[in-house]
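So this one's model_21.tsv, TSV, C-alpha atoms:
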chain	number	residue	atom	x	y	z
A	168	MET	CA	70.34	7.63	-102.84
A	169	ALA	CA	70.23	3.91	-101.95
A	170	GLU	CA	68.72	4.79	-98.57
A	171	GLU	CA	66.05	6.90	-100.32
A	172	ARG	CA	65.15	3.98	-102.60
A	173	MET	CA	64.93	1.63	-99.59
A	174	ALA	CA	62.70	4.11	-97.78
A	175	LEU	CA	60.45	4.45	-100.83
A	176	SER	CA	60.20	0.65	-101.15
A	177	HIS	CA	59.36	0.33	-97.47
A	178	ASP	CA	56.69	3.05	-97.75
A	179	ILE	CA	55.02	1.27	-100.67
A	180	GLU	CA	55.12	-2.09	-98.89
A	181	ASN	CA	53.32	-0.64	-95.85
A	182	ASP	CA	51.10	2.01	-97.45
A	183	PRO	CA	47.39	0.98	-97.33
A	184	LEU	CA	46.74	2.75	-100.63
A	185	HIS	CA	49.43	0.80	-102.46
A	186	LEU	CA	48.34	-2.42	-100.77
A	187	ALA	CA	44.80	-1.81	-102.06
A	188	ALA	CA	46.16	-1.05	-105.54
A	189	ALA	CA	48.19	-4.27	-105.49
A	190	ASP	CA	45.10	-6.22	-104.45
A	191	TRP	CA	43.11	-4.76	-107.36
A	192	PHE	CA	45.97	-5.48	-109.75
A	193	VAL	CA	46.13	-9.17	-108.83
A	194	ARG	CA	42.33	-9.58	-108.96
A	195	LEU	CA	42.11	-8.03	-112.42
A	196	GLN	CA	44.62	-10.51	-113.86
A	197	SER	CA	42.26	-13.43	-113.23
A	198	THR	CA	39.96	-14.66	-115.99
A	199	GLU	CA	37.38	-15.11	-113.24
A	200	VAL	CA	37.06	-11.39	-112.49
A	201	SER	CA	33.38	-10.42	-112.73
A	202	LEU	CA	31.82	-7.43	-114.46
A	203	GLU	CA	30.79	-6.10	-111.05
A	204	GLU	CA	34.39	-6.27	-109.82
A	205	THR	CA	35.61	-4.48	-112.94
A	206	LEU	CA	33.08	-1.68	-112.46
A	207	ALA	CA	33.99	-1.45	-108.76
A	208	TRP	CA	37.68	-1.14	-109.70
A	209	GLN	CA	36.89	1.64	-112.19
A	210	ALA	CA	34.89	3.46	-109.49
A	211	TRP	CA	37.85	3.11	-107.11
A	212	ILE	CA	40.21	4.53	-109.75
A	213	HIS	CA	37.96	7.58	-110.30
A	214	GLU	CA	37.34	8.10	-106.58
A	215	ASN	CA	40.70	9.72	-105.95
A	216	PRO	CA	43.65	10.67	-108.21
A	217	ALA	CA	45.91	9.06	-105.62
A	218	ASN	CA	44.24	5.71	-106.31
A	219	ALA	CA	45.08	5.91	-110.00
A	220	ALA	CA	48.65	6.96	-109.20
A	221	ALA	CA	49.11	4.05	-106.78
A	222	PHE	CA	47.72	1.59	-109.33
A	223	ALA	CA	50.06	2.95	-112.00
A	224	ARG	CA	52.99	2.53	-109.60
A	225	ILE	CA	52.06	-1.11	-108.97
A	226	GLU	CA	51.95	-1.67	-112.73
A	227	GLU	CA	55.43	-0.17	-113.08
A	228	ILE	CA	56.71	-2.54	-110.40
A	229	SER	CA	55.08	-5.50	-112.11
A	230	GLN	CA	56.56	-4.60	-115.49
A	231	ALA	CA	59.99	-4.16	-113.92
A	232	LEU	CA	59.74	-7.59	-112.28
A	233	CYS	CA	58.74	-9.22	-115.56
A	234	ALA	CA	61.81	-7.71	-117.21
A	235	VAL	CA	64.12	-9.35	-114.66
A	236	PRO	CA	65.66	-12.59	-116.00
A	237	ALA	CA	64.60	-15.72	-114.15
A	238	PRO	CA	67.11	-16.54	-111.39
A	239	ALA	CA	69.31	-19.59	-111.72
A	240	ALA	CA	68.19	-22.70	-109.87
A	241	LEU	CA	69.50	-22.86	-106.32
A	242	PRO	CA	70.61	-25.97	-104.40
A	243	ALA	CA	67.86	-27.52	-102.30
A	244	ALA	CA	69.97	-27.24	-99.15
A	245	LEU	CA	70.33	-23.51	-99.65
A	246	LEU	CA	66.62	-23.05	-100.28
A	247	ALA	CA	65.82	-25.03	-97.13
A	248	ARG	CA	67.74	-22.49	-95.04
A	249	ASP	CA	65.53	-19.64	-96.15
A	250	ARG	CA	62.49	-18.97	-93.95
A	251	TYR	CA	60.81	-16.07	-95.77
A	252	ASP	CA	57.14	-17.00	-96.47
A	253	ALA	CA	55.90	-13.67	-97.97
A	254	SER	CA	53.44	-13.21	-95.10
A	255	VAL	CA	54.89	-9.75	-94.38
A	256	PRO	CA	56.73	-7.23	-96.57
A	257	ILE	CA	60.26	-8.40	-97.10
A	258	GLY	CA	61.51	-5.06	-95.80
A	259	ASP	CA	59.96	-5.85	-92.41
A	260	TRP	CA	61.25	-9.41	-92.18
A	261	LYS	CA	64.22	-9.59	-89.80
A	262	PRO	CA	65.55	-6.18	-90.95
A	263	ARG	CA	68.29	-6.06	-88.32
A	264	ARG	CA	69.77	-9.42	-89.28
A	265	ALA	CA	69.63	-8.68	-93.02
A	266	ALA	CA	72.84	-6.62	-92.92
A	267	ARG	CA	74.77	-9.64	-91.57
A	268	TRP	CA	73.46	-12.17	-94.11
A	269	PRO	CA	75.93	-13.66	-96.53
A	270	TRP	CA	75.32	-12.68	-100.16
A	271	ALA	CA	74.10	-16.18	-101.00
A	272	ALA	CA	71.31	-15.96	-98.44
A	273	LEU	CA	70.32	-12.55	-99.75
A	274	GLY	CA	70.11	-14.07	-103.21
A	275	VAL	CA	67.79	-16.79	-101.93
A	276	ALA	CA	65.44	-14.28	-100.35
A	277	ALA	CA	65.41	-12.08	-103.43
A	278	SER	CA	64.82	-15.06	-105.70
A	279	LEU	CA	61.94	-16.34	-103.61
A	280	ALA	CA	60.40	-12.88	-103.34
A	281	LEU	CA	60.60	-12.46	-107.11
A	282	VAL	CA	59.04	-15.86	-107.70
A	283	ALA	CA	56.24	-15.10	-105.23
A	284	LEU	CA	55.42	-11.77	-106.83
A	285	VAL	CA	55.46	-13.04	-110.40
A	286	PHE	CA	53.42	-16.05	-109.31
A	287	ALA	CA	50.80	-13.81	-107.71
A	288	PHE	CA	50.57	-11.52	-110.71
A	289	TRP	CA	50.59	-14.06	-113.51
A	290	LYS	CA	49.27	-17.41	-112.30
A	291	MET	CA	46.16	-18.46	-114.20
A	292	PRO	CA	43.20	-20.19	-112.53
A	293	ALA	CA	43.72	-23.83	-111.71
A	294	ALA	CA	40.90	-24.99	-114.01
A	295	ALA	CA	42.07	-27.42	-116.67
A	296	THR	CA	42.14	-26.07	-120.22
A	297	ASP	CA	40.85	-28.01	-123.21
A	298	ALA	CA	41.66	-26.96	-126.77
A	299	PHE	CA	39.48	-27.54	-129.83
A	300	GLU	CA	40.35	-26.59	-133.39
A	301	THR	CA	39.35	-27.11	-136.99
A	302	GLU	CA	41.24	-27.41	-140.25
A	303	ILE	CA	40.80	-25.05	-143.19
A	304	GLY	CA	37.37	-25.69	-144.70
A	305	GLU	CA	36.11	-27.68	-141.71
A	306	ASN	CA	33.15	-26.81	-139.49
A	307	ARG	CA	32.67	-28.55	-136.16
A	308	SER	CA	30.43	-28.39	-133.08
A	309	VAL	CA	31.64	-28.88	-129.52
A	310	ALA	CA	29.36	-29.63	-126.56
A	311	LEU	CA	30.62	-28.38	-123.20
A	312	ALA	CA	29.95	-30.05	-119.85
A	313	ASP	CA	27.55	-27.26	-118.84
A	314	GLY	CA	25.31	-27.86	-121.86
A	315	SER	CA	26.64	-24.97	-123.96
A	316	ILE	CA	27.36	-25.67	-127.62
A	317	ILE	CA	30.13	-23.99	-129.60
A	318	SER	CA	30.14	-24.21	-133.39
A	319	LEU	CA	33.57	-23.66	-134.90
A	320	GLY	CA	34.16	-22.31	-138.40
A	321	GLY	CA	37.07	-23.22	-140.62
A	322	ASP	CA	40.63	-22.83	-139.31
A	323	THR	CA	39.41	-21.93	-135.82
A	324	ARG	CA	40.89	-22.64	-132.40
A	325	ILE	CA	39.36	-22.17	-128.95
A	326	GLU	CA	40.68	-22.91	-125.47
A	327	VAL	CA	38.14	-23.71	-122.77
A	328	ALA	CA	38.64	-23.49	-118.99
A	329	MET	CA	35.63	-24.40	-116.84
A	330	SER	CA	35.61	-23.75	-113.10
A	331	GLU	CA	33.06	-23.42	-110.31
A	332	ASN	CA	32.89	-19.65	-110.76
A	333	VAL	CA	33.31	-18.95	-114.45
A	334	ARG	CA	33.23	-20.48	-117.91
A	335	ALA	CA	36.23	-19.00	-119.73
A	336	ILE	CA	36.87	-19.41	-123.45
A	337	GLU	CA	39.70	-17.96	-125.51
A	338	LEU	CA	39.00	-17.58	-129.24
A	339	VAL	CA	42.57	-17.86	-130.43
A	340	ARG	CA	41.68	-17.51	-134.10
A	341	GLY	CA	38.78	-17.91	-136.48
A	342	GLU	CA	35.04	-17.72	-135.92
A	343	ALA	CA	32.62	-19.41	-133.55
A	344	LEU	CA	28.95	-19.39	-132.64
A	345	PHE	CA	28.25	-19.72	-128.92
A	346	LYS	CA	24.93	-21.13	-127.67
A	347	VAL	CA	25.28	-20.54	-123.96
A	348	ALA	CA	23.48	-22.65	-121.38
A	349	LYS	CA	21.89	-20.48	-118.70
A	350	ASP	CA	23.79	-20.40	-115.42
A	351	SER	CA	23.61	-17.09	-113.57
A	352	SER	CA	26.16	-18.27	-111.01
A	353	ARG	CA	28.86	-18.81	-113.67
A	354	PRO	CA	29.32	-16.06	-116.26
A	355	PHE	CA	30.32	-17.25	-119.72
A	356	LYS	CA	33.34	-15.23	-120.91
A	357	VAL	CA	34.87	-15.27	-124.36
A	358	ARG	CA	38.14	-13.45	-124.89
A	359	ALA	CA	38.89	-12.49	-128.49
A	360	GLY	CA	41.89	-10.24	-129.04
A	361	ASP	CA	41.25	-6.85	-127.47
A	362	ALA	CA	37.80	-7.69	-126.11
A	363	THR	CA	36.04	-9.96	-123.66
A	364	ILE	CA	32.40	-10.90	-124.22
A	365	ILE	CA	30.39	-11.71	-121.09
A	366	ALA	CA	27.09	-13.61	-121.15
A	367	VAL	CA	24.94	-15.70	-118.83
A	368	GLY	CA	22.61	-17.53	-121.21
A	369	THR	CA	22.37	-16.31	-124.79
A	370	GLU	CA	23.53	-16.92	-128.37
A	371	PHE	CA	26.18	-14.90	-130.14
A	372	ASN	CA	28.79	-15.14	-132.88
A	373	VAL	CA	32.39	-13.94	-132.64
A	374	GLU	CA	34.66	-13.50	-135.63
A	375	ARG	CA	38.28	-12.81	-134.78
A	376	ASP	CA	40.42	-11.17	-137.43
A	377	SER	CA	44.06	-10.10	-137.19
A	378	ASP	CA	43.35	-6.83	-135.36
A	379	ARG	CA	39.66	-6.83	-134.49
A	380	ALA	CA	36.78	-8.96	-133.29
A	381	VAL	CA	33.22	-8.71	-134.62
A	382	VAL	CA	30.53	-9.68	-132.10
A	383	SER	CA	27.01	-10.41	-133.37
A	384	VAL	CA	24.17	-11.31	-131.01
A	385	THR	CA	21.36	-13.53	-132.28
A	386	GLU	CA	19.55	-14.11	-128.97
A	387	GLY	CA	19.57	-12.31	-125.61
A	388	ARG	CA	22.32	-9.80	-124.95
A	389	VAL	CA	25.96	-9.64	-123.97
A	390	VAL	CA	28.43	-7.16	-122.51
A	391	VAL	CA	31.56	-6.49	-124.55
A	392	LYS	CA	34.37	-4.92	-122.57
A	393	PRO	CA	37.88	-3.87	-123.63
A	394	ASP	CA	40.85	-6.02	-122.71
A	395	THR	CA	43.88	-3.77	-122.28
A	396	GLY	CA	46.19	-6.20	-120.52
A	397	LEU	CA	48.17	-4.58	-117.70
A	398	LEU	CA	47.17	-1.01	-118.51
A	399	PRO	CA	44.07	0.21	-116.66
A	400	VAL	CA	41.18	1.29	-118.86
A	401	ALA	CA	40.63	4.44	-116.80
A	402	LEU	CA	44.11	5.75	-117.61
A	403	LEU	CA	43.71	5.11	-121.35
A	404	GLN	CA	40.23	6.51	-121.87
A	405	GLU	CA	41.52	10.08	-122.18
A	406	PHE	CA	43.31	9.03	-125.36
A	407	LYS	CA	40.93	6.29	-126.47
A	408	PRO	CA	37.37	7.29	-125.49
A	409	LYS	CA	35.91	4.12	-127.02
A	410	LEU	CA	37.61	1.99	-124.37
A	411	ARG	CA	34.42	1.28	-122.44
A	412	SER	CA	32.00	-1.58	-121.95
A	413	VAL	CA	29.14	-1.85	-124.46
A	414	ARG	CA	25.89	-3.81	-124.21
A	415	VAL	CA	24.87	-5.59	-127.40
A	416	SER	CA	21.32	-6.94	-127.80
A	417	ALA	CA	19.77	-9.47	-130.15
A	418	GLY	CA	19.94	-8.32	-133.77
A	419	GLN	CA	22.93	-6.06	-133.12
A	420	GLN	CA	26.65	-6.32	-133.65
A	421	THR	CA	29.76	-4.39	-132.67
A	422	THR	CA	33.43	-4.34	-133.60
A	423	ALA	CA	36.21	-4.31	-131.00
A	424	GLY	CA	39.86	-3.47	-131.55
A	425	SER	CA	42.80	-1.81	-129.85
A	426	ALA	CA	41.12	1.60	-130.19
A	427	GLY	CA	38.06	0.43	-128.31
A	428	ILE	CA	34.54	-0.85	-128.94
A	429	GLU	CA	32.16	0.64	-131.49
A	430	GLU	CA	28.56	1.51	-130.72
A	431	PRO	CA	26.27	-1.42	-131.59
A	432	THR	CA	24.57	-1.30	-134.98
A	433	LYS	CA	21.77	-3.28	-136.57
A	434	MET	CA	22.90	-6.62	-137.97
A	435	GLU	CA	22.09	-6.41	-141.68
A	436	ASP	CA	23.08	-9.97	-142.62
A	437	PRO	CA	22.71	-13.23	-140.68
A	438	ALA	CA	25.84	-13.79	-138.60
A	439	THR	CA	25.53	-17.55	-138.88
A	440	GLY	CA	25.41	-17.92	-142.66
A	441	TRP	CA	28.91	-19.39	-142.62
A	442	GLN	CA	27.46	-22.57	-141.12
A	443	ILE	CA	25.70	-23.35	-144.39
A	444	GLY	CA	28.48	-22.10	-146.63
A	445	HIS	CA	27.40	-18.48	-147.16
A	446	LEU	CA	29.97	-15.81	-146.23
A	447	ALA	CA	28.13	-12.48	-146.35
A	448	PHE	CA	29.90	-9.11	-146.31
A	449	ARG	CA	28.55	-5.58	-146.28
A	450	LEU	CA	30.90	-2.64	-146.85
A	451	GLN	CA	33.91	-4.54	-145.50
A	452	PRO	CA	37.57	-3.87	-146.40
A	453	LEU	CA	38.96	-6.56	-148.69
A	454	ARG	CA	41.70	-7.47	-146.21
A	455	TYR	CA	39.12	-8.59	-143.63
A	456	VAL	CA	37.05	-10.37	-146.27
A	457	LEU	CA	40.10	-12.38	-147.30
A	458	GLU	CA	40.81	-13.39	-143.70
A	459	ASP	CA	37.34	-14.96	-143.59
A	460	VAL	CA	37.43	-16.47	-147.06
A	461	ASN	CA	40.88	-17.98	-146.51
A	462	ARG	CA	39.49	-20.12	-143.70
A	463	TYR	CA	37.75	-22.09	-146.44
A	464	ALA	CA	40.02	-21.64	-149.48
A	465	HIS	CA	42.16	-24.56	-150.69
A	466	LYS	CA	44.89	-21.99	-151.36
A	467	PRO	CA	45.25	-18.71	-149.43
A	468	ILE	CA	44.39	-15.59	-151.41
A	469	VAL	CA	46.92	-12.80	-150.81
A	470	LEU	CA	47.26	-9.20	-151.97
A	471	GLU	CA	50.29	-7.92	-153.80
A	472	THR	CA	50.10	-4.58	-151.95
A	473	GLU	CA	48.63	-3.61	-148.59
A	474	SER	CA	46.75	-0.69	-150.14
A	475	MET	CA	44.52	-3.13	-152.03
A	476	GLY	CA	43.18	-4.30	-148.70
A	477	ALA	CA	41.22	-1.05	-148.38
A	478	LEU	CA	38.91	-1.94	-151.32
A	479	ILE	CA	35.34	-2.10	-149.99
A	480	ILE	CA	33.43	-5.33	-150.59
A	481	THR	CA	29.70	-6.06	-150.42
A	482	GLY	CA	28.30	-9.43	-151.40
A	483	THR	CA	28.19	-13.12	-150.58
A	484	VAL	CA	30.92	-15.66	-151.12
A	485	GLU	CA	29.77	-19.24	-151.57
A	486	ARG	CA	32.18	-21.61	-149.85
A	487	GLU	CA	31.95	-24.07	-152.74
A	488	ASN	CA	32.61	-21.41	-155.37
A	489	ILE	CA	35.47	-19.30	-154.07
A	490	GLY	CA	37.14	-19.49	-157.48
A	491	GLY	CA	34.09	-17.89	-159.08
A	492	TRP	CA	34.16	-15.10	-156.50
A	493	VAL	CA	37.82	-14.41	-157.28
A	494	LYS	CA	36.91	-14.02	-160.96
A	495	SER	CA	34.18	-11.54	-160.02
A	496	LEU	CA	36.78	-9.51	-158.08
A	497	GLU	CA	38.98	-9.41	-161.18
A	498	HIS	CA	36.16	-7.90	-163.24
A	499	ALA	CA	34.80	-5.54	-160.57
A	500	PHE	CA	38.11	-3.99	-159.53
A	501	ASP	CA	40.26	-4.58	-162.62
A	502	LEU	CA	42.50	-7.05	-160.79
A	503	GLN	CA	44.46	-10.05	-161.93
A	504	ALA	CA	44.56	-13.31	-160.00
A	505	THR	CA	47.68	-15.42	-160.44
A	506	GLU	CA	47.62	-18.94	-159.09
A	507	GLU	CA	50.97	-20.05	-157.73
A	508	ALA	CA	52.06	-23.33	-156.18
A	509	ASP	CA	50.90	-22.45	-152.67
A	510	GLN	CA	48.77	-19.30	-153.00
A	511	ILE	CA	46.67	-17.10	-155.25
A	512	VAL	CA	48.00	-13.54	-155.66
A	513	LEU	CA	45.70	-10.61	-156.44
A	514	ARG	CA	47.39	-7.66	-158.12
A	515	ALA	CA	46.31	-4.59	-160.04
A	516	ARG	CA	46.37	-4.92	-163.82

Show this structure as C-alpha cells.
Amino acid sequence: MAEERMALSHDIENDPLHLAAADWFVRLQSTEVSLEETLAWQAWIHENPANAAAFARIEEISQALCAVPAPAALPAALLARDRYDASVPIGDWKPRRAARWPWAALGVAASLALVALVFAFWKMPAAATDAFETEIGENRSVALADGSIISLGGDTRIEVAMSENVRAIELVRGEALFKVAKDSSRPFKVRAGDATIIAVGTEFNVERDSDRAVVSVTEGRVVVKPDTGLLPVALLQEFKPKLRSVRVSAGQQTTAGSAGIEEPTKMEDPATGWQIGHLAFRLQPLRYVLEDVNRYAHKPIVLETESMGALIITGTVERENIGGWVKSLEHAFDLQATEEADQIVLRAR
C-alpha cells in the first residue's frame, strides 16, 4: 500500500495535466489574477473532465497540507545541510540516496517541501497594504496615489494594496463609494465577502453586510464575479447556478452572497444618499436595515428574536433622527423598543 501511494505521488508530480492544474491553482490565489485569466481557467476546466478532476486533486492536496501542523523550528546547522531547492519534484531528487538518509535529514526535506508548497499557495502579493477605517457615525474620504477617491461610511474598514499590475481593495466591513481613476493597465478590484468587483475607471458603491454585498453602479460599468475561495466555480455551478460573473451598468445594482450573484436590477434609490445622512431602503429585511443603521446609531439596535429580522422595510432613515425612526417601527409593526445600558432591544409586544 505504501508503494502504491508513493507511485501515485510520483505520477502526480510528473503528470503534465496535474502540473497544469497546480499552475492554475497558484495563479488563482493571487489578488492580481485578471478577468481574462479567470475566464481562461474556466474554459480549461470545461475543456476536458480530466482537467476538472486534476484541479480537484490539487485542491485536496492543498487542503491536506494546510491541515498539517507547522513543523518545529530546526537548528540552522541542520538546515544548512539540506540541498533541496524545489526545482524538481521531491520524488525525483536523489531518490536512490533517500533510503539511506537519517530520519533527521528526511524531516528537514519534508519540512522545507511543506514550507515551499504552502508558501506558493498562500503568499500574497508583495505590495504594501494600507488600512483605513471610520468610527460609528463617521464619514471619511480617502485619496489614493492613483487619483481614485474612496468615501467611507460609518464603521467601515478597507485595506488597500497598490501594485504595478492591480489596485486591490478589501472592504472588510461597512460601506464605501469608489470613484475610480481610469487606468486600463491596472484593474481596480474590490473584494467584499463572497464577491469581487472589477473596474477600470468608473464609480460604484459597495455595501457589505454580514452575509451579502450590495453593488450599485452610478457611472460606467463593473464586473462582479463570485469569490469561492479554494473551490473552483465550475465545480459548484451545478449546485449553485448563480455562481457566475455579472456585468452591472450605470443605474443598476446587484446583490452577491454565498449562493451567487443576482441579475442586475434598476436602482430605485440613490446609492449615495448615506453621504448626506439619508439611508434609503426599499423592500429590505429588517436585519439588513439594522446593519446599516447601526453604523450611525449611538447605541446598537438589536432584535429579541431572529424571526423579526424578516420584517420587510421600505423608507428612509435620517441619520440625525434614528430615535424617531425606531418609534415609527414600534407603531408600524407593533413592537416595543427598550433602551438598555449598551443597546436598544426591539421585541414584539

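Minimum atom-to-atom distances from A:Gln419, A:Asn332, A:Asn461, A:Ser351 to Glu302 in chain A were compared using only C-alpha atoms, and the lowest value belongs to A:Asn461.
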
Exercise for review: Would you work out the distance separating CA of Ala447 in chain A from CA of Ala362 in chain A, expressed in Å to one decimal?
Suggested key: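 According to the coordinates, CA of Ala447 in chain A and CA of Ala362 in chain A are separated by 22.9 Å.
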
Point to revise | Which residue of A:Phe222, A:Gly321, A:Ala295, A:Glu204 approaches Gln442 in chain A most closely, using only C-alpha atoms | key: A:Gly321

Check your understanding: Using only C-alpha atoms, which residue out of A:Ile325, A:Leu319, A:Val193, A:Ile511 lies closest to Glu305 in chain A?
Key ->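 Among the listed residues, A:Leu319 lies closest to Glu305 in chain A.
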
Practice item. Just give me the gap between CA of Lys494 in chain A and CA of Glu506 in chain A in Å, one decimal is fine. Key: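 Rounded to one decimal, the two atoms are 11.9 Å apart.
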
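Interatomic distance, CA of Ile428 in chain A against CA of Leu410 in chain A: 6.2 Å.
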
Point to revise | Close residues, range 443-446 of chain A itself excluded, 9 Å, only C-alpha atoms, min 3 positions apart in chain, as number ranges by chain | key: A: 438-440, 456, 459-460, 482-487

When you get a chance, write out N, CA, C and O atoms for range 432-447 of chain A, as a tab-separated table (two decimals), in the coordinates of the input.
chain	number	residue	atom	x	y	z
A	432	THR	N	25.38	-1.65	-133.82
A	432	THR	CA	24.57	-1.30	-134.98
A	432	THR	C	23.67	-2.48	-135.33
A	432	THR	O	23.89	-3.61	-134.89
A	433	LYS	N	22.68	-2.22	-136.15
A	433	LYS	CA	21.77	-3.28	-136.57
A	433	LYS	C	22.51	-4.29	-137.44
A	433	LYS	O	23.30	-3.92	-138.31
A	434	MET	N	22.27	-5.55	-137.21
A	434	MET	CA	22.90	-6.62	-137.97
A	434	MET	C	22.13	-6.79	-139.28
A	434	MET	O	21.00	-7.25	-139.29
A	435	GLU	N	22.77	-6.40	-140.38
A	435	GLU	CA	22.09	-6.41	-141.68
A	435	GLU	C	22.02	-7.81	-142.29
A	435	GLU	O	21.08	-8.15	-142.99
A	436	ASP	N	23.04	-8.63	-142.06
A	436	ASP	CA	23.08	-9.97	-142.62
A	436	ASP	C	23.17	-11.00	-141.50
A	436	ASP	O	23.76	-10.73	-140.45
A	437	PRO	N	22.62	-12.19	-141.71
A	437	PRO	CA	22.71	-13.23	-140.68
A	437	PRO	C	24.16	-13.53	-140.33
A	437	PRO	O	24.99	-13.72	-141.21
A	438	ALA	N	24.45	-13.55	-139.03
A	438	ALA	CA	25.84	-13.79	-138.60
A	438	ALA	C	26.23	-15.24	-138.69
A	438	ALA	O	27.41	-15.58	-138.59
A	439	THR	N	25.25	-16.12	-138.90
A	439	THR	CA	25.53	-17.55	-138.88
A	439	THR	C	25.49	-18.19	-140.26
A	439	THR	O	25.48	-19.41	-140.38
A	440	GLY	N	25.47	-17.38	-141.31
A	440	GLY	CA	25.41	-17.92	-142.66
A	440	GLY	C	26.58	-18.81	-143.00
A	440	GLY	O	26.47	-19.72	-143.83
A	441	TRP	N	27.72	-18.58	-142.33
A	441	TRP	CA	28.91	-19.39	-142.62
A	441	TRP	C	28.69	-20.87	-142.33
A	441	TRP	O	29.36	-21.73	-142.88
A	442	GLN	N	27.71	-21.17	-141.46
A	442	GLN	CA	27.46	-22.57	-141.12
A	442	GLN	C	26.89	-23.37	-142.29
A	442	GLN	O	27.02	-24.59	-142.33
A	443	ILE	N	26.24	-22.67	-143.22
A	443	ILE	CA	25.70	-23.35	-144.39
A	443	ILE	C	26.45	-22.94	-145.66
A	443	ILE	O	25.95	-23.12	-146.77
A	444	GLY	N	27.64	-22.38	-145.48
A	444	GLY	CA	28.48	-22.10	-146.63
A	444	GLY	C	28.32	-20.74	-147.26
A	444	GLY	O	28.88	-20.49	-148.33
A	445	HIS	N	27.58	-19.82	-146.62
A	445	HIS	CA	27.40	-18.48	-147.16
A	445	HIS	C	28.19	-17.48	-146.32
A	445	HIS	O	27.90	-17.30	-145.13
A	446	LEU	N	29.18	-16.84	-146.91
A	446	LEU	CA	29.97	-15.81	-146.23
A	446	LEU	C	29.51	-14.46	-146.74
A	446	LEU	O	29.83	-14.06	-147.86
A	447	ALA	N	28.72	-13.75	-145.93
A	447	ALA	CA	28.13	-12.48	-146.35
A	447	ALA	C	28.94	-11.30	-145.83
A	447	ALA	O	29.37	-11.30	-144.67
